[in-house]
file query_1.txt (compact mmCIF, C-alpha atoms)
# COMPACT_ATOMS: atom_id res chain seq x y z
CA HIS H 1 56.99 112.41 100.70
CA LEU H 2 59.09 111.74 103.79
CA TYR H 3 61.14 108.56 104.11
CA ILE H 4 62.36 107.61 107.57
CA THR H 5 64.74 104.68 107.71
CA ASP H 6 66.74 103.01 110.45
CA ILE H 7 66.07 105.55 113.18
CA SER H 8 63.73 105.49 116.08
CA ILE H 9 61.59 108.59 116.26
CA HIS H 10 61.51 110.03 119.75
CA LYS H 11 57.96 110.60 120.98
CA ASP H 12 58.69 114.31 121.46
CA LEU H 13 59.38 114.59 117.73
CA SER H 14 56.37 112.62 116.54
CA GLY H 15 54.53 115.87 115.84
CA LEU H 16 56.87 116.43 112.89
CA ILE H 17 55.10 113.55 111.18
CA GLU H 18 51.98 115.71 111.02
CA GLU H 19 53.74 118.12 108.65
CA PHE H 20 53.94 115.56 105.82
CA GLN H 21 51.13 114.10 103.75
CA ASP H 22 52.88 110.89 102.76
CA ILE H 23 55.35 109.11 104.99
CA THR H 24 57.17 105.83 104.62
CA ILE H 25 58.90 104.33 107.65
CA ILE H 26 61.30 101.49 106.96
CA ASP H 27 63.12 99.93 109.87
CA HIS H 28 64.27 96.74 111.54
CA HIS H 29 64.21 97.94 115.15
CA VAL H 30 61.26 97.21 117.41
CA SER H 31 61.66 100.71 118.86
CA THR H 32 59.80 101.97 115.78
CA TYR H 33 56.64 99.97 116.46
CA TRP H 34 55.08 102.65 118.69
CA VAL H 35 54.84 104.95 115.64
CA LYS H 36 53.08 102.23 113.70
CA ASP H 37 50.63 101.69 116.55
CA LEU H 38 49.97 105.44 116.91
CA TYR H 39 49.27 106.02 113.21
CA LYS H 40 47.96 102.64 112.04
CA HIS H 41 44.47 103.96 111.30
CA SER H 42 45.52 107.23 109.65
CA GLY H 43 46.22 105.70 106.24
CA ARG H 44 48.96 108.32 105.80
CA ILE H 45 51.95 106.19 106.70
CA ASP H 46 53.33 103.22 104.83
CA PHE H 47 55.22 100.92 107.20
CA SER H 48 57.80 98.36 106.27
CA ILE H 49 59.16 97.02 109.52
CA SER H 50 60.93 93.69 109.55
CA LYS H 51 63.75 92.07 111.50
CA ARG H 52 64.75 89.88 108.56
CA ARG H 53 67.01 92.55 107.00
CA CYS H 54 68.55 95.87 107.98
CA ALA H 55 66.76 99.09 107.05
CA THR H 56 69.19 99.85 104.22
CA TYR H 57 68.37 96.52 102.58
CA LEU H 58 64.64 96.97 103.20
CA PHE H 59 64.74 100.47 101.71
CA GLY H 60 66.53 99.15 98.63
CA GLU H 61 63.86 96.47 98.22
CA TYR H 62 61.15 99.10 98.68
CA LEU H 63 62.61 101.35 95.97
CA LEU H 64 63.16 98.41 93.61
CA SER H 65 59.63 97.07 94.09
CA ARG H 66 58.17 100.45 93.11
CA GLY H 67 60.43 100.93 90.10
CA MET H 68 62.07 103.97 91.67
CA ILE H 69 65.58 102.58 91.05
CA GLU H 70 67.04 99.95 88.75
CA ASP H 71 68.40 96.66 90.02
CA SER H 72 72.12 96.12 89.54
CA ASP H 73 75.04 94.14 90.91
CA TRP H 74 76.37 97.43 92.32
CA LEU H 75 73.19 98.03 94.31
CA ARG H 76 72.94 94.43 95.52
CA SER H 77 76.55 94.39 96.72
CA TRP H 78 75.93 97.51 98.83
CA MET H 79 72.68 96.15 100.23
CA GLU H 80 74.25 92.81 101.18
CA LEU H 81 77.36 94.25 102.81
CA VAL H 82 75.48 96.88 104.82
CA ASP H 83 72.99 94.24 105.96
CA ASP H 84 75.82 91.88 106.92
CA HIS H 85 77.51 94.53 109.07
CA ASP H 86 74.40 96.13 110.55
CA ARG H 87 72.90 92.85 111.76
CA TYR H 88 76.25 91.36 112.92
CA ILE H 89 75.98 88.40 110.56
CA HIS H 90 79.68 88.39 109.63
CA ALA H 91 79.23 86.32 106.48
CA PHE H 92 81.39 88.76 104.50
CA PRO H 93 84.69 90.07 105.94
CA GLU H 94 84.40 93.01 103.54
CA SER H 95 81.39 94.37 105.42
CA ASP H 96 83.44 95.16 108.52
CA ARG H 97 86.25 96.55 106.39
CA LEU H 98 83.76 98.74 104.53
CA ASN H 99 82.36 100.09 107.78
CA SER H 100 85.93 100.84 108.89
CA LEU H 101 86.52 102.72 105.65
CA LEU H 102 83.39 104.78 106.30
CA PHE H 103 84.68 105.61 109.76
CA ILE H 104 88.12 106.78 108.60
CA THR H 105 86.97 108.60 105.46
CA ASN H 106 85.32 111.94 105.08
CA ARG H 107 81.61 111.05 104.96
CA ALA H 108 80.86 113.22 101.92
CA ARG H 109 83.76 111.68 99.98
CA PHE H 110 82.66 108.19 100.99
CA VAL H 111 79.13 108.85 99.72
CA ASP H 112 80.40 110.37 96.47
CA ASP H 113 82.62 107.33 95.89
CA ALA H 114 79.86 104.89 96.84
CA LEU H 115 77.53 106.35 94.23
CA VAL H 116 79.83 105.36 91.39
CA ARG H 117 82.00 102.53 92.69
CA THR H 118 81.44 99.10 94.11
CA PRO H 119 82.41 98.36 97.71
CA GLU H 120 85.14 96.08 96.40
CA GLU H 121 86.67 98.88 94.31
CA MET H 122 86.65 101.25 97.27
CA LEU H 123 88.21 98.64 99.55
CA ASP H 124 90.89 97.72 97.01
CA GLU H 125 91.95 101.35 96.67
CA ASN H 126 92.04 101.86 100.44
CA ARG H 127 93.43 98.50 101.53
CA ASP H 128 96.46 99.92 103.37
CA ARG H 129 94.46 102.59 105.20
CA VAL H 130 91.87 100.08 106.36
CA ASP H 131 94.57 97.59 107.40
CA ARG H 132 96.31 100.25 109.52
CA TYR H 133 93.01 101.23 111.12
CA LEU H 134 92.07 97.62 111.92
CA THR H 135 95.54 96.94 113.36
CA SER H 136 95.19 100.00 115.59
CA GLN H 137 91.72 98.84 116.61
CA ALA H 138 92.93 95.33 117.47
CA GLU H 139 95.80 96.71 119.56
CA TYR H 140 93.47 99.04 121.46
CA ILE H 141 90.99 96.24 122.15
CA LYS H 142 93.80 93.94 123.31
CA GLN H 143 95.00 96.58 125.77
CA THR H 144 91.50 97.30 127.13
CA THR H 145 90.95 96.24 130.72
CA TYR H 146 87.79 94.28 131.42
CA THR H 147 86.44 93.83 134.92
CA LYS H 148 83.78 91.26 135.65
CA ILE H 149 81.30 92.86 138.03
CA SER H 150 78.84 90.01 138.52
CA ASP H 151 79.53 86.69 140.18
CA ASP H 152 76.05 85.25 140.45
CA ASP H 153 74.52 82.55 138.26
CA GLY H 154 72.90 85.13 135.95
CA PRO H 155 74.39 86.63 132.84
CA SER H 156 77.96 87.87 133.09
CA VAL H 157 78.36 91.61 133.41
CA TYR H 158 81.65 93.29 132.51
CA LEU H 159 82.90 96.81 132.82
CA ALA H 160 85.38 98.07 130.24
CA TYR H 161 87.01 101.48 130.28
CA ALA H 162 87.19 102.50 126.65
CA GLU H 163 87.04 105.70 124.67
CA LYS H 164 87.08 104.06 121.25
CA PHE H 165 85.80 100.95 119.49
CA LYS H 166 83.04 100.35 122.06
CA SER H 167 80.95 98.17 119.76
CA LYS H 168 83.93 96.00 118.89
CA ILE H 169 84.83 95.63 122.56
CA ALA H 170 81.28 94.56 123.38
CA GLU H 171 81.25 92.21 120.41
CA GLY H 172 84.47 90.60 121.66
CA LEU H 173 82.96 90.05 125.07
CA MET H 174 80.00 88.22 123.54
CA GLN H 175 82.29 85.65 121.91
call {"tool": "encode", "arguments": {"input": "query_1.txt", "output": "structure tokens"}}
result
Amino acid sequence: HLYITDISIHKDLSGLIEEFQDITIIDHHVSTYWVKDLYKHSGRIDFSISKRRCATYLFGEYLLSRGMIEDSDWLRSWMELVDDHDRYIHAFPESDRLNSLLFITNRARFVDDALVRTPEEMLDENRDRVDRYLTSQAEYIKQTTYTKISDDDGPSVYLAYAEKFKSKIAEGLMQ
């Protein structure tokens, strides 16, 4: 069984789908819909595509609903924080801090820790590291030069020269 979550499959790679008997695609991006349209009559692919939650949350719900994993506060805290960060909800400050920790930590170590610890435990242990990273990020963003390149009545268009923190720079411009 192949599970594909939170990635858009490029049309050139769609042939790989033919190699698996059972496929589940779970996503929250509309860029996945073409796969659903292409294979909707095959009966081989189970689709769970919804904009109401991020793919991580949807996958957790999928596994829970089929009894493949047990529900727990640990699981729910991960699902909520990843959803909060991935969909730019910003209801929980910890979600951005957790994503920062992922960025500055060896990915394998992060995953190993995440399997046995809550996000809160990981953040508590790494508070100073995350604070230093976020301070560095804020300073970089503050020093970034933005140039408005549209003066018409349409949407504002800005150009920013940045090598790091591109999503955060764009997010700041939207505010």
call {"tool": "atom_distance", "arguments": {"input": "query_1.txt", "atom1": "atom CA of Met68 of chain H", "atom2": "atom CA of Asp27 of chain H"}}
result
18.7 Å
call {"tool": "closest_residue", "arguments": {"input": "query_1.txt", "among": "H:Met122, H:Lys51, H:Leu64, H:Ile141", "to": "Arg87 of chain H", "atoms": "only C-alpha atoms"}}
result
H:Lys51
call {"tool": "residues_near_point", "arguments": {"input": "query_1.txt", "point": "(81.1, 95.7, 105.7)", "cutoff": "6 Å", "atoms": "only C-alpha atoms", "output": "PDB file with C-alpha atoms, keeping the file's coordinate frame"}}
result
ATOM      1  CA  LEU H  81      77.360  94.250 102.810  1.00  0.00           C
ATOM      2  CA  VAL H  82      75.480  96.880 104.820  1.00  0.00           C
ATOM      3  CA  HIS H  85      77.510  94.530 109.070  1.00  0.00           C
ATOM      4  CA  GLU H  94      84.400  93.010 103.540  1.00  0.00           C
ATOM      5  CA  SER H  95      81.390  94.370 105.420  1.00  0.00           C
ATOM      6  CA  ASP H  96      83.440  95.160 108.520  1.00  0.00           C
ATOM      7  CA  ARG H  97      86.250  96.550 106.390  1.00  0.00           C
ATOM      8  CA  LEU H  98      83.760  98.740 104.530  1.00  0.00           C
ATOM      9  CA  ASN H  99      82.360 100.090 107.780  1.00  0.00           C
TER      10      ASN H  99
END
call {"tool": "residues_around", "arguments": {"input": "query_1.txt", "residues": "Phe103 of chain H", "least_positions_apart": "3", "cutoff": "12 Å", "atoms": "all atoms listed in the file", "output": "list in words"}}
result
Asp96, Arg97, Leu98, Asn99, Ser100, Asn106, Arg107, Ala108, Arg109, Phe110, Val111, Arg129, Val130, Tyr133, Leu134, Gln137, Lys164 and Phe165 of chain H
call {"tool": "atom_distance", "arguments": {"input": "query_1.txt", "atom1": "atom CA of Lys148 of chain H", "atom2": "atom CA of Lys168 of chain H"}}
result
17.4 Å
call {"tool": "atom_distance", "arguments": {"input": "query_1.txt", "atom1": "atom CA of Ser50 of chain H", "atom2": "atom CA of Ile26 of chain H"}}
result
8.2 Å
call {"tool": "axis_aligned_box", "arguments": {"input": "query_1.txt", "around": "segment 13-31 of chain H", "padding_each_side": "6 Å", "output": "AutoDock Vina command-line options"}}
result
--center_x 57.7 --center_y 107.4 --center_z 110.8 --size_x 25.1 --size_y 33.4 --size_z 28.1
